[in-house]
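Chemist: Below is the file work20.cif, with mmCIF, C-alpha atoms.
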```cif
data_structure
#
loop_
_atom_site.label_atom_id
_atom_site.label_comp_id
_atom_site.auth_asym_id
_atom_site.auth_seq_id
_atom_site.Cartn_x
_atom_site.Cartn_y
_atom_site.Cartn_z
CA MET J 21 -21.31 -24.01 1.63
CA ASN J 22 -20.03 -24.16 5.17
CA ASN J 23 -16.86 -22.78 6.72
CA HIS J 24 -14.12 -20.98 4.77
CA PRO J 25 -10.45 -21.35 5.71
CA GLU J 26 -9.99 -17.63 6.26
CA SER J 27 -10.50 -18.02 10.01
CA GLU J 28 -7.42 -20.19 10.17
CA SER J 29 -5.38 -17.68 8.16
CA ARG J 30 -6.56 -14.86 10.43
CA ARG J 31 -5.54 -16.77 13.53
CA LYS J 32 -2.18 -17.28 11.91
CA PHE J 33 -1.88 -13.54 11.29
CA ILE J 34 -2.45 -12.77 14.95
CA GLY J 35 -0.02 -15.50 15.94
CA ASN J 36 2.58 -13.99 13.64
CA ALA J 37 2.01 -10.57 15.18
CA ALA J 38 2.54 -12.02 18.64
CA SER J 39 5.74 -13.76 17.67
CA LEU J 40 6.97 -10.52 16.13
CA GLY J 41 6.63 -8.93 19.54
CA ILE J 42 4.14 -6.31 18.33
CA LEU J 43 1.09 -7.18 20.41
CA GLY J 44 0.15 -4.49 22.87
CA ALA J 45 -1.80 -4.73 26.08
CA ILE J 46 -5.25 -3.18 26.22
CA GLY J 47 -5.90 -0.71 29.00
CA ALA J 48 -8.48 -1.27 31.69
CA GLY J 49 -10.89 1.16 30.08
CA TYR J 50 -10.56 -0.40 26.67
CA LEU J 51 -13.73 -2.45 26.55
CA LEU J 52 -17.09 -0.76 26.50
CA SER J 53 -19.48 -1.63 29.27
CA SER J 54 -21.75 -3.28 26.74
CA CYS J 55 -19.12 -5.90 25.87
CA ASN J 56 -19.67 -9.50 26.85
CA SER J 57 -17.34 -10.05 29.82
CA ARG J 58 -17.27 -13.80 29.17
CA ARG J 59 -15.52 -13.31 25.83
CA THR J 60 -11.88 -14.11 25.39
CA ARG J 61 -10.45 -10.64 25.03
CA TYR J 62 -8.92 -9.93 21.63
CA GLU J 63 -5.71 -7.95 21.84
CA VAL J 64 -5.03 -5.38 19.16
CA PRO J 65 -1.69 -5.71 17.32
CA VAL J 66 0.49 -2.63 17.73
CA SER J 67 1.81 -1.35 14.43
CA LEU J 68 5.50 -0.53 14.09
CA ASP J 69 6.56 2.94 13.00
CA ILE J 70 9.58 1.54 11.17
CA ALA J 71 10.70 -1.93 10.18
CA PRO J 72 13.61 -3.44 12.12
CA ASP J 73 17.13 -3.14 10.69
CA GLY J 74 18.85 -6.07 9.07
CA PRO J 75 20.85 -7.17 6.04
CA PRO J 76 19.96 -5.32 2.84
CA LEU J 77 16.72 -6.34 1.16
CA ARG J 78 16.60 -5.84 -2.61
CA ALA J 79 13.22 -5.35 -4.27
CA GLY J 80 12.21 -5.65 -7.89
CA LEU J 81 9.16 -3.76 -9.13
CA ILE J 82 6.89 -5.31 -11.75
CA GLY J 83 4.45 -2.70 -13.06
CA CYS J 84 5.94 0.81 -13.04
CA GLY J 85 2.81 2.93 -13.35
CA GLY J 86 1.60 5.31 -10.68
CA ARG J 87 0.67 2.69 -8.09
CA GLY J 88 3.77 0.62 -8.74
CA THR J 89 6.03 3.65 -8.43
CA GLY J 90 4.23 4.54 -5.22
CA ALA J 91 4.76 1.02 -3.88
CA ALA J 92 8.49 1.28 -4.59
CA VAL J 93 8.67 4.60 -2.71
CA ASN J 94 6.69 3.08 0.19
CA PHE J 95 9.11 0.14 0.33
CA LEU J 96 12.08 2.51 0.56
CA ASN J 97 10.26 4.45 3.31
CA ALA J 98 9.71 1.33 5.41
CA GLY J 99 13.09 1.08 7.14
CA PRO J 100 16.87 0.96 6.82
CA ASN J 101 18.90 -1.05 4.28
CA LEU J 102 16.12 -1.32 1.70
CA GLN J 103 16.85 -1.09 -2.01
CA VAL J 104 14.94 -1.10 -5.29
CA THR J 105 17.30 -2.66 -7.82
CA ALA J 106 15.18 -3.85 -10.79
CA LEU J 107 12.21 -2.53 -12.77
CA GLY J 108 9.92 -4.19 -15.28
CA ASP J 109 7.01 -2.94 -17.38
CA VAL J 110 5.51 -3.47 -20.81
CA PHE J 111 6.18 0.19 -21.65
CA GLN J 112 9.51 2.02 -21.54
CA HIS J 113 7.91 5.38 -20.70
CA ARG J 114 6.60 3.99 -17.41
CA ILE J 115 10.06 2.76 -16.45
CA ASP J 116 11.52 6.16 -17.32
CA SER J 117 8.95 7.94 -15.13
CA CYS J 118 9.51 5.52 -12.25
CA ARG J 119 13.29 5.92 -12.38
CA LYS J 120 12.89 9.71 -12.29
CA THR J 121 10.64 9.52 -9.21
CA LEU J 122 12.98 7.14 -7.34
CA LYS J 123 15.95 9.40 -8.09
CA GLU J 124 14.12 12.50 -6.86
CA SER J 125 12.56 10.94 -3.76
CA HIS J 126 15.36 8.67 -2.49
CA ASN J 127 18.37 9.29 -4.75
CA VAL J 128 17.97 5.73 -6.03
CA GLU J 129 19.35 4.96 -9.45
CA VAL J 130 18.30 1.70 -11.09
CA PRO J 131 20.88 0.82 -13.79
CA ASP J 132 19.86 0.29 -17.40
CA ASP J 133 20.86 -3.37 -17.23
CA ASN J 134 18.22 -3.94 -14.53
CA CYS J 135 15.34 -2.29 -16.41
CA PHE J 136 13.26 -4.64 -18.53
CA THR J 137 10.41 -4.06 -20.99
CA GLY J 138 7.88 -6.28 -22.73
CA PHE J 139 5.43 -8.96 -21.67
CA ASP J 140 8.25 -11.15 -20.32
CA ALA J 141 9.83 -8.34 -18.28
CA TYR J 142 8.46 -9.93 -15.10
CA LYS J 143 10.66 -12.99 -15.65
CA SER J 144 13.80 -10.85 -15.89
CA VAL J 145 12.92 -8.94 -12.71
CA ILE J 146 12.27 -12.17 -10.82
CA ASP J 147 15.52 -13.68 -12.11
CA SER J 148 17.55 -10.64 -11.08
CA ASP J 149 19.26 -10.61 -7.70
CA VAL J 150 16.22 -9.53 -5.67
CA ASP J 151 14.69 -10.78 -2.43
CA VAL J 152 11.26 -9.15 -2.75
CA ILE J 153 8.85 -8.66 -5.65
CA LEU J 154 6.61 -5.59 -5.61
CA HIS J 155 3.75 -6.42 -7.96
CA ALA J 156 1.54 -3.64 -9.32
CA THR J 157 0.72 -4.47 -12.93
CA PRO J 158 -2.88 -4.46 -14.13
CA GLN J 159 -4.46 -7.36 -12.29
CA HIS J 160 -5.01 -9.66 -15.27
CA PHE J 161 -1.32 -10.53 -15.09
CA ARG J 162 -1.11 -10.96 -11.30
CA PRO J 163 -1.84 -14.71 -10.97
CA GLN J 164 0.79 -15.70 -13.54
CA HIS J 165 3.45 -13.35 -12.17
CA PHE J 166 2.72 -14.26 -8.54
CA GLU J 167 3.09 -17.96 -9.26
CA ALA J 168 6.45 -17.33 -10.96
CA ALA J 169 7.67 -15.20 -8.01
CA VAL J 170 6.71 -17.85 -5.47
CA GLN J 171 8.33 -20.60 -7.52
CA ALA J 172 11.50 -18.48 -7.48
CA ARG J 173 11.20 -18.22 -3.67
CA LYS J 174 10.66 -14.47 -3.52
CA HIS J 175 8.71 -12.59 -0.85
CA VAL J 176 5.90 -10.65 -2.50
CA PHE J 177 3.83 -7.52 -2.16
CA LEU J 178 0.63 -8.00 -4.18
CA GLU J 179 -1.47 -4.99 -5.05
CA LYS J 180 -5.23 -5.46 -5.06
CA PRO J 181 -7.22 -7.12 -6.54
CA ALA J 182 -5.72 -10.57 -6.99
CA ALA J 183 -7.20 -11.35 -10.41
CA VAL J 184 -9.97 -10.55 -12.88
CA ASP J 185 -11.64 -13.97 -13.08
CA ALA J 186 -12.33 -17.07 -11.02
CA VAL J 187 -9.48 -19.10 -12.52
CA GLY J 188 -7.02 -16.35 -11.63
CA ALA J 189 -8.32 -15.91 -8.08
CA ARG J 190 -8.02 -19.64 -7.41
CA SER J 191 -4.50 -19.57 -8.86
CA VAL J 192 -3.51 -16.89 -6.33
CA MET J 193 -4.99 -19.02 -3.53
CA ALA J 194 -2.88 -21.97 -4.67
CA SER J 195 0.29 -19.91 -5.04
CA GLY J 196 -0.35 -18.46 -1.60
CA LYS J 197 -0.41 -21.95 -0.14
CA MET J 198 2.86 -22.70 -1.91
CA ALA J 199 4.34 -19.50 -0.45
CA GLU J 200 3.20 -20.56 3.00
CA SER J 201 4.91 -23.93 2.65
CA ALA J 202 8.10 -22.18 1.55
CA GLY J 203 8.05 -19.77 4.51
CA LEU J 204 7.61 -16.72 2.29
CA SER J 205 5.79 -13.54 3.25
CA VAL J 206 2.97 -12.23 1.04
CA VAL J 207 1.44 -8.87 1.93
CA SER J 208 -1.56 -7.52 0.04
CA GLY J 209 -2.55 -4.04 -1.04
CA THR J 210 -5.87 -4.15 0.82
CA ILE J 211 -4.55 -1.19 2.76
CA TYR J 212 -7.21 -0.84 5.44
CA ARG J 213 -6.18 -4.15 7.01
CA HIS J 214 -2.87 -2.38 7.72
CA GLN J 215 -4.38 0.90 8.92
CA ARG J 216 -4.20 1.54 12.65
CA ASP J 217 -7.61 3.10 13.20
CA TYR J 218 -9.36 0.27 11.32
CA ILE J 219 -7.37 -2.34 13.24
CA LYS J 220 -8.31 -0.79 16.59
CA THR J 221 -11.97 -0.51 15.58
CA PHE J 222 -11.95 -4.15 14.47
CA SER J 223 -10.68 -5.12 17.92
CA MET J 224 -13.50 -3.17 19.56
CA ILE J 225 -16.11 -4.94 17.45
CA LYS J 226 -14.51 -8.34 17.98
CA ASN J 227 -14.65 -7.70 21.72
CA GLY J 228 -18.41 -7.13 21.53
CA ALA J 229 -18.74 -3.35 21.37
CA ILE J 230 -21.85 -3.55 19.15
CA GLY J 231 -22.96 -7.03 20.15
CA GLU J 232 -23.48 -9.73 17.55
CA LEU J 233 -23.05 -8.55 13.99
CA ILE J 234 -26.22 -8.45 11.89
CA SER J 235 -25.58 -6.83 8.51
CA GLY J 236 -23.52 -4.27 6.67
CA ASN J 237 -23.39 -1.75 3.84
CA ALA J 238 -20.45 -0.98 1.55
CA TYR J 239 -20.33 2.15 -0.62
CA ARG J 240 -17.90 3.17 -3.34
CA MET J 241 -19.57 5.94 -5.32
CA ALA J 242 -17.31 8.55 -6.92
CA GLY J 243 -16.58 10.37 -10.13
CA PRO J 244 -15.52 8.78 -13.41
CA LEU J 245 -12.33 6.75 -13.41
CA TRP J 246 -9.43 7.73 -15.63
CA HIS J 247 -9.54 7.05 -19.35
CA VAL J 248 -6.97 7.22 -22.17
CA ASN J 249 -8.15 7.95 -25.70
CA ARG J 250 -6.83 5.63 -28.37
CA GLN J 251 -4.20 6.98 -30.78
CA GLU J 252 -4.12 6.05 -34.45
CA ASN J 253 -0.72 4.34 -34.29
CA TRP J 254 -1.67 2.05 -31.38
CA SER J 255 -2.54 -1.59 -31.94
CA ASP J 256 -5.54 -3.12 -30.18
CA MET J 257 -3.30 -4.52 -27.45
CA GLU J 258 -1.43 -1.29 -26.84
CA ALA J 259 -4.65 0.72 -26.74
CA MET J 260 -6.19 -1.70 -24.24
CA LEU J 261 -3.11 -1.74 -22.00
CA ARG J 262 -2.87 2.05 -21.96
CA ASP J 263 -6.61 2.34 -21.18
CA TRP J 264 -6.78 -0.77 -19.03
CA MET J 265 -9.43 0.49 -16.61
CA SER J 266 -11.94 0.30 -19.48
CA TRP J 267 -11.63 -3.45 -20.10
CA TYR J 268 -12.88 -6.34 -17.98
CA TRP J 269 -10.14 -8.70 -19.07
CA ILE J 270 -7.45 -6.36 -17.72
CA CYS J 271 -9.00 -4.62 -14.68
CA GLY J 272 -11.92 -6.88 -13.73
CA GLY J 273 -14.36 -3.96 -13.70
CA ASN J 274 -15.06 -1.24 -11.13
CA LEU J 275 -16.70 -3.56 -8.60
CA VAL J 276 -13.63 -5.81 -8.50
CA ASP J 277 -10.91 -3.19 -8.86
CA VAL J 278 -12.23 -0.29 -6.79
CA ALA J 279 -15.03 -1.42 -4.46
CA ILE J 280 -12.88 -4.31 -3.22
CA HIS J 281 -11.61 -2.05 -0.44
CA GLN J 282 -15.09 -1.57 0.99
CA PHE J 283 -16.41 -5.13 0.87
CA ASP J 284 -13.01 -6.45 1.98
CA ILE J 285 -13.50 -4.45 5.18
CA VAL J 286 -17.00 -5.91 5.70
CA ASN J 287 -15.64 -9.42 5.07
CA TRP J 288 -12.84 -8.76 7.54
CA PHE J 289 -15.18 -7.54 10.29
CA PHE J 290 -17.55 -10.49 9.79
CA GLU J 291 -14.53 -12.83 9.64
CA LYS J 292 -15.99 -14.76 6.72
CA TYR J 293 -16.81 -14.47 3.04
CA PRO J 294 -20.26 -14.50 1.42
CA VAL J 295 -21.55 -17.68 -0.18
CA LYS J 296 -23.82 -16.06 -2.76
CA ALA J 297 -24.56 -12.80 -4.51
CA ILE J 298 -27.40 -11.31 -6.49
CA GLY J 299 -27.24 -7.90 -8.08
CA PHE J 300 -27.56 -5.66 -11.07
CA GLY J 301 -25.56 -3.04 -12.88
CA GLY J 302 -25.23 -1.20 -16.13
CA ARG J 303 -23.49 1.38 -18.24
CA HIS J 304 -25.06 4.83 -18.36
CA HIS J 305 -22.15 6.80 -19.87
CA PRO J 306 -20.72 4.90 -22.85
CA ARG J 307 -17.01 5.14 -23.58
CA ASP J 308 -14.32 2.87 -24.99
CA GLY J 309 -14.14 -0.62 -23.53
CA ASP J 310 -16.81 -2.83 -22.05
CA VAL J 311 -17.06 -2.04 -18.33
CA TYR J 312 -20.22 -1.07 -16.43
CA ASP J 313 -20.19 2.18 -14.48
CA PHE J 314 -22.61 1.15 -11.69
CA TYR J 315 -23.47 -1.93 -9.62
CA SER J 316 -25.67 -2.84 -6.69
CA VAL J 317 -25.13 -6.26 -5.15
CA GLU J 318 -26.55 -8.09 -2.14
CA TYR J 319 -24.12 -10.56 -0.58
CA THR J 320 -25.25 -13.32 1.79
CA PHE J 321 -23.12 -15.28 4.28
CA ASP J 322 -23.58 -18.96 5.08
CA ASP J 323 -25.60 -18.12 8.21
CA GLY J 324 -28.09 -15.86 6.40
CA ARG J 325 -26.58 -12.52 7.41
CA ASN J 326 -25.90 -10.21 4.51
CA PHE J 327 -24.53 -6.90 3.31
CA GLN J 328 -25.25 -4.57 0.40
CA CYS J 329 -22.57 -3.09 -1.85
CA MET J 330 -23.23 -0.04 -4.04
CA ASN J 331 -20.61 0.97 -6.60
CA ARG J 332 -20.92 3.84 -9.07
CA HIS J 333 -18.47 5.99 -11.06
CA MET J 334 -20.25 8.88 -12.77
CA ALA J 335 -19.87 12.64 -13.07
CA GLY J 336 -22.38 15.03 -11.56
CA CYS J 337 -23.68 12.68 -8.86
CA ASP J 338 -23.52 12.75 -5.07
CA ASN J 339 -20.63 10.61 -3.86
CA LYS J 340 -20.27 8.31 -0.89
CA SER J 341 -17.44 5.98 0.04
CA GLY J 342 -17.15 3.89 3.16
CA GLN J 343 -18.86 1.10 4.99
CA VAL J 344 -21.15 0.45 7.96
CA VAL J 345 -21.45 -2.73 10.01
CA TYR J 346 -24.54 -3.14 12.20
CA GLY J 347 -24.77 -5.18 15.42
CA THR J 348 -27.41 -5.96 18.00
CA LYS J 349 -26.28 -3.03 20.19
CA GLY J 350 -25.07 -0.42 17.72
CA TYR J 351 -23.13 0.19 14.54
CA THR J 352 -19.70 1.30 13.33
CA ASN J 353 -18.13 2.96 10.31
CA CYS J 354 -15.33 0.38 10.78
CA GLN J 355 -12.69 3.11 10.72
CA ASN J 356 -12.88 5.18 13.88
CA LYS J 357 -16.39 5.51 15.37
CA ILE J 358 -19.02 3.42 17.13
CA PHE J 359 -22.63 4.57 17.68
CA ASP J 360 -25.68 3.29 19.51
CA TYR J 361 -29.07 3.17 17.80
CA ASN J 362 -29.96 6.62 19.06
CA ASP J 363 -27.01 7.86 16.98
CA ASN J 364 -25.01 8.70 20.08
CA LEU J 365 -21.25 8.46 19.57
CA ILE J 366 -20.10 5.96 22.20
CA TRP J 367 -16.50 5.46 21.13
CA GLN J 368 -14.04 7.24 18.87
CA TYR J 369 -10.49 6.41 17.83
CA GLU J 370 -7.95 8.76 19.39
CA TYR J 371 -5.49 10.02 16.81
CA PRO J 372 -2.06 11.19 18.00
CA PRO J 373 -1.57 14.96 18.44
CA ASP J 374 0.64 16.97 16.08
CA ASP J 375 4.07 18.33 16.98
CA GLN J 376 2.44 21.24 18.80
CA GLY J 377 0.25 18.93 20.85
CA GLN J 378 -2.90 19.84 18.95
CA PRO J 379 -5.56 17.21 18.15
CA THR J 380 -5.51 15.71 14.65
CA ASP J 381 -7.53 13.25 12.60
CA ARG J 382 -4.45 11.76 10.94
CA LEU J 383 -2.29 8.71 11.48
CA PRO J 384 1.47 9.13 11.86
CA ILE J 385 2.18 6.44 9.26
CA SER J 386 0.26 6.08 6.00
CA SER J 387 -1.34 2.73 5.33
CA PHE J 388 0.75 2.49 2.15
CA ASP J 389 3.96 2.77 4.17
CA GLN J 390 2.53 0.55 6.92
CA GLU J 391 1.94 -2.40 4.60
CA MET J 392 5.60 -2.28 3.57
CA ILE J 393 6.75 -1.95 7.18
CA ASN J 394 4.72 -5.05 8.00
CA LEU J 395 6.22 -6.94 5.05
CA VAL J 396 9.83 -6.04 5.91
CA ALA J 397 9.29 -6.77 9.61
CA ALA J 398 7.89 -10.23 8.80
CA ILE J 399 10.85 -11.02 6.56
CA ARG J 400 13.56 -9.75 8.89
CA THR J 401 12.20 -11.50 11.96
CA ASN J 402 11.63 -14.71 9.99
CA LYS J 403 7.98 -14.71 11.03
CA PRO J 404 6.12 -15.03 7.70
CA LEU J 405 2.93 -13.05 7.12
CA ASN J 406 0.72 -14.44 4.37
CA MET J 407 -2.33 -12.48 3.18
CA ALA J 408 -2.73 -14.17 -0.20
CA TYR J 409 -5.90 -16.10 0.64
CA ASP J 410 -7.73 -13.08 2.08
CA LEU J 411 -6.83 -11.00 -0.97
CA ALA J 412 -7.95 -13.71 -3.39
CA ALA J 413 -11.16 -14.40 -1.46
CA SER J 414 -12.18 -10.73 -1.40
CA THR J 415 -11.34 -10.55 -5.10
CA LEU J 416 -13.60 -13.56 -5.67
CA THR J 417 -16.32 -11.77 -3.70
CA GLY J 418 -16.19 -8.97 -6.24
CA ILE J 419 -16.12 -11.34 -9.21
CA MET J 420 -19.12 -13.20 -7.81
CA GLY J 421 -21.13 -9.96 -7.57
CA ARG J 422 -20.00 -8.79 -10.98
CA GLU J 423 -21.04 -12.03 -12.65
CA SER J 424 -24.44 -11.88 -10.98
CA ALA J 425 -24.97 -8.36 -12.34
CA HIS J 426 -23.76 -9.36 -15.79
CA THR J 427 -25.97 -12.44 -16.06
CA GLY J 428 -28.99 -11.36 -14.03
CA ARG J 429 -28.72 -14.54 -11.98
CA GLU J 430 -27.75 -15.48 -8.45
CA VAL J 431 -24.13 -16.62 -8.34
CA THR J 432 -22.66 -18.70 -5.52
CA TRP J 433 -19.21 -19.16 -4.04
CA ASP J 434 -19.31 -22.77 -5.21
CA ASP J 435 -20.02 -21.52 -8.74
CA MET J 436 -16.86 -19.46 -8.55
CA MET J 437 -14.77 -22.27 -7.10
CA ASN J 438 -15.82 -24.51 -10.01
CA SER J 439 -15.86 -21.89 -12.76
CA THR J 440 -13.62 -22.23 -15.82
CA MET J 441 -14.05 -18.53 -16.64
CA ARG J 442 -10.80 -16.99 -17.85
CA LEU J 443 -10.87 -13.49 -19.33
CA GLY J 444 -8.48 -12.17 -21.94
CA PRO J 445 -6.37 -13.43 -24.83
CA ARG J 446 -4.19 -16.51 -24.59
CA GLU J 447 -1.24 -14.82 -26.27
CA TYR J 448 0.23 -11.43 -25.45
CA VAL J 449 1.54 -9.54 -28.49
CA MET J 450 1.31 -5.94 -29.61
CA GLY J 451 -1.24 -6.52 -32.34
CA PRO J 452 -4.94 -7.25 -32.90
CA VAL J 453 -7.07 -8.52 -29.98
CA ASP J 454 -10.31 -10.33 -30.68
CA ILE J 455 -12.26 -8.73 -27.84
CA LYS J 456 -15.06 -6.33 -28.76
CA PRO J 457 -16.18 -3.28 -26.75
CA GLU J 458 -19.55 -4.85 -25.95
CA PRO J 459 -20.80 -4.55 -22.36
CA PRO J 460 -22.54 -7.65 -20.93
CA VAL J 461 -26.33 -7.84 -21.25
CA PRO J 462 -28.16 -9.47 -18.28
CA GLY J 463 -30.41 -12.35 -19.25
CA THR J 464 -28.43 -12.91 -22.45
CA PRO J 465 -26.00 -15.81 -22.84
CA PRO J 466 -22.38 -14.72 -23.22
CA GLY J 467 -21.60 -13.91 -26.84
CA ALA J 468 -25.24 -13.51 -27.85
CA SER J 469 -26.33 -10.35 -29.61
#
```
Could you write out this structure as structure tokens?

Modeler:
Amino acid sequence: MNNHPESESRRKFIGNAASLGILGAIGAGYLLSSCNSRRTRYEVPVSLDIAPDGPPLRAGLIGCGGRGTGAAVNFLNAGPNLQVTALGDVFQHRIDSCRKTLKESHNVEVPDDNCFTGFDAYKSVIDSDVDVILHATPQHFRPQHFEAAVQARKHVFLEKPAAVDAVGARSVMASGKMAESAGLSVVSGTIYRHQRDYIKTFSMIKNGAIGELISGNAYRMAGPLWHVNRQENWSDMEAMLRDWMSWYWICGGNLVDVAIHQFDIVNWFFEKYPVKAIGFGGRHHPRDGDVYDFYSVEYTFDDGRNFQCMNRHMAGCDNKSGQVVYGTKGYTNCQNKIFDYNDNLIWQYEYPPDDQGQPTDRLPISSFDQEMINLVAAIRTNKPLNMAYDLAASTLTGIMGRESAHTGREVTWDDMMNSTMRLGPREYVMGPVDIKPEPPVPGTPPGAS
């Protein structure tokens, strides 16, 4: 496969930043001496501390768990005249918890009439008098809900990942194109693309600080992910939804749901997406559900360059999270440091001092707040920002690696773009679900014993 359209979308992002008036000049000492002076200098977008004022923007939250509640708080933090006026979730207890948090943090009270439960709650939130949809359900439901939001002409925040299967990822790509045609803004929850130190480091690498990029590594190795034990009175569907990180059809698996942050950064720095993947994985600590707890995948780009992704979630192991991109002249952690091949630190991001003027290693604005600031700024200046394709493509990167590990075969981008794979039931009811807790077996056809 040849070129991907992400380069066009990235150019559009920079163009949007310029038209928003948030591009900053780079100082004379910005470029390292090793940079190619014949390059067209890439200017780093300057992030706003607060979104511009304007008429009230009303947001509806779909998915009121911990991340969804956090997204609602981040939206309210982003600037003046912002409201959260509708909530939707399958479970009432999540709505109750979200309402309590919004009341305590911002004195926001969402009326009973604007709180909706059940599998169709998303429709009621979208149909309420809102301008923005904050979407943070388990990702199986994201493609369907995103399409409905775009059809209703709502701006959208989409948490990561975009989907759990190839059909869903392609649906998000298509809905993103529809949003673009309608002039809607779509901001994704791939938070590091909003984070100031990563953005500055990206600009350094794009301006040649480590020469031509060669390869990369992505690591997401940590302790076990959360798990909810099934209760006797729960149906199959309720048990799966409450313990959704244990089921491929709801979460997509650890590689797709969690490691997406790391390989999304590598994709971003290389400014392209891999065309094939080969890897392996397995399940060392059995529990409910069908997900693996470790993966190792090699991804290859269309020009032969590649990167390795290691993902593991187990107790009692050494942990490592992050990423490294290697170039002809050095390497970077992509966040805040650049080294030469003698391991000398040759550049480091300068964080702002604290209120007493002392050095810090912290940003003044969290990336969770920053993504909402960027969304509100794009809406209020009528300069749409659309990150749907990048989110869907990085999601598809994870799905491609997962399917290689599950089958024991090399899987290509073209395979994914032509795949009819759709995970999960066709009907959503609180009752039996004909999906067994059987992890995939490499080298075995799906469904074989």

Chemist: List the spatial neighbours of J:Ile285 as a list of chain:residue names - criterion: any atom at most 10 Å away, all atoms listed in the file, same-chain residues fewer than 4 positions off excluded.

Modeler: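 Answer for this query is J:Thr210, J:Ile211, J:Tyr212, J:Arg213, J:Tyr218, J:Phe222, J:Ala238, J:Ile280, J:His281, J:Phe289, J:Phe290, J:Glu291, J:Gly342, J:Gln343, J:Val344, J:Val345, J:Cys354, J:Gln355, J:Ser414.
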
Chemist: Between J:Thr352, J:Ser386, J:Ser341, J:Thr432, which one has atoms that come closest to J:Ile298, using only C-alpha atoms?

Modeler: J:Thr432

Chemist: Can you measure atom CA of J:Val170 to atom CA of J:Leu416 for me? One decimal in Å is fine.

Modeler: 20.8 Å

Chemist: Atom CA of J:Pro163 and atom CA of J:Ala297 are how many Å apart?

Modeler: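 One can read the atom CA of J:Pro163 to atom CA of J:Ala297 distance as 23.7 Å.
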
Chemist: Please, what distance in Å, to one decimal, runs between atom CA of J:Glu232 and atom CA of J:Thr320?

Modeler: 16.3 Å

Chemist: Measuring atom to atom with only C-alpha atoms, identify which of J:Val431, J:Cys84, J:Ala106, J:Cys135 is nearest to J:Val295.

Modeler: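 Of the candidates, the smallest distance to J:Val295 is held by J:Val431.
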
Chemist: With the file shown as input, list the residues that the PyMOL selection byres ((chain J and resi 119) around 9) selects, as a ChimeraX atom specification.

Modeler: /J:84,89,107,114-118,120-124,128-130

Chemist: Apply the PyMOL selection byres ((chain J and resi 294) around 9) to the displayed file and report the matching residues as an MDAnalysis selection string.

Modeler: chainID J and resid 287 292:293 295:297 319:322 325:327 417 432:433

Chemist: From the list J:Ile82, J:Ala425, J:Val93, J:Ala408, which residue is nearest J:Asp109 when using all atoms listed in the file?

Modeler: J:Ile82

Chemist: Given the file shown, enumerate the residues that the PyMOL selection byres ((chain J and resi 273) around 10) captures and present them as a PyMOL selection string.

Modeler: chain J and resi 184+264-272+274-279+310-314+418-419+422

Chemist: Determine, counting only C-alpha atoms, which protein, DNA and RNA residues have an atom within 12 Å of an atom of stretch 358-369 of chain J; residues of the same chain fewer than 2 positions away are not included. Present the result as a ChimeraX atom specification.

Modeler: /J:49-54,216-225,228-231,344-356,371-372,379-383

Chemist: From the list J:Gly88, J:Pro452, J:Gly421, J:Gly83, which residue is nearest J:Met436 when using all atoms listed in the file?

Modeler: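 Checking each of J:Gly88, J:Pro452, J:Gly421, J:Gly83 against J:Met436, counting all atoms listed in the file, the winner is J:Gly421.
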
Chemist: With all atoms listed in the file as the atoms that count, which of J:Val248, J:Ile146, J:Ala242, J:Val207 lies nearest to J:Leu178?

Modeler: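 Counting all atoms listed in the file, the residue closest to J:Leu178 is J:Val207.
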
Chemist: Can you take the partial stretch 341-349 of chain J, add N, CA and C atoms, and return it as a PDB file, in the frame of the given file?

Modeler:
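Output saved as out-v6.pdb:
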```
ATOM      1  N   SER J 341     -18.345   7.115  -0.073  1.00  0.00           N
ATOM      2  CA  SER J 341     -17.440   5.980   0.040  1.00  0.00           C
ATOM      3  C   SER J 341     -17.269   5.620   1.507  1.00  0.00           C
ATOM      4  N   GLY J 342     -17.309   4.350   1.789  1.00  0.00           N
ATOM      5  CA  GLY J 342     -17.150   3.890   3.160  1.00  0.00           C
ATOM      6  C   GLY J 342     -17.933   2.617   3.384  1.00  0.00           C
ATOM      7  N   GLN J 343     -18.170   2.319   4.639  1.00  0.00           N
ATOM      8  CA  GLN J 343     -18.860   1.100   4.990  1.00  0.00           C
ATOM      9  C   GLN J 343     -19.457   1.250   6.393  1.00  0.00           C
ATOM     10  N   VAL J 344     -20.511   0.483   6.653  1.00  0.00           N
ATOM     11  CA  VAL J 344     -21.150   0.450   7.960  1.00  0.00           C
ATOM     12  C   VAL J 344     -21.428  -1.002   8.298  1.00  0.00           C
ATOM     13  N   VAL J 345     -21.111  -1.402   9.520  1.00  0.00           N
ATOM     14  CA  VAL J 345     -21.450  -2.730  10.010  1.00  0.00           C
ATOM     15  C   VAL J 345     -22.390  -2.555  11.202  1.00  0.00           C
ATOM     16  N   TYR J 346     -23.514  -3.258  11.174  1.00  0.00           N
ATOM     17  CA  TYR J 346     -24.540  -3.140  12.200  1.00  0.00           C
ATOM     18  C   TYR J 346     -24.506  -4.366  13.114  1.00  0.00           C
ATOM     19  N   GLY J 347     -24.686  -4.110  14.434  1.00  0.00           N
ATOM     20  CA  GLY J 347     -24.770  -5.180  15.420  1.00  0.00           C
ATOM     21  C   GLY J 347     -26.041  -5.071  16.222  1.00  0.00           C
ATOM     22  N   THR J 348     -26.206  -5.957  17.183  1.00  0.00           N
ATOM     23  CA  THR J 348     -27.410  -5.960  18.000  1.00  0.00           C
ATOM     24  C   THR J 348     -27.459  -4.774  18.963  1.00  0.00           C
ATOM     25  N   LYS J 349     -26.313  -4.112  19.214  1.00  0.00           N
ATOM     26  CA  LYS J 349     -26.280  -3.030  20.190  1.00  0.00           C
ATOM     27  C   LYS J 349     -25.861  -1.688  19.593  1.00  0.00           C
TER      28      LYS J 349
END
```
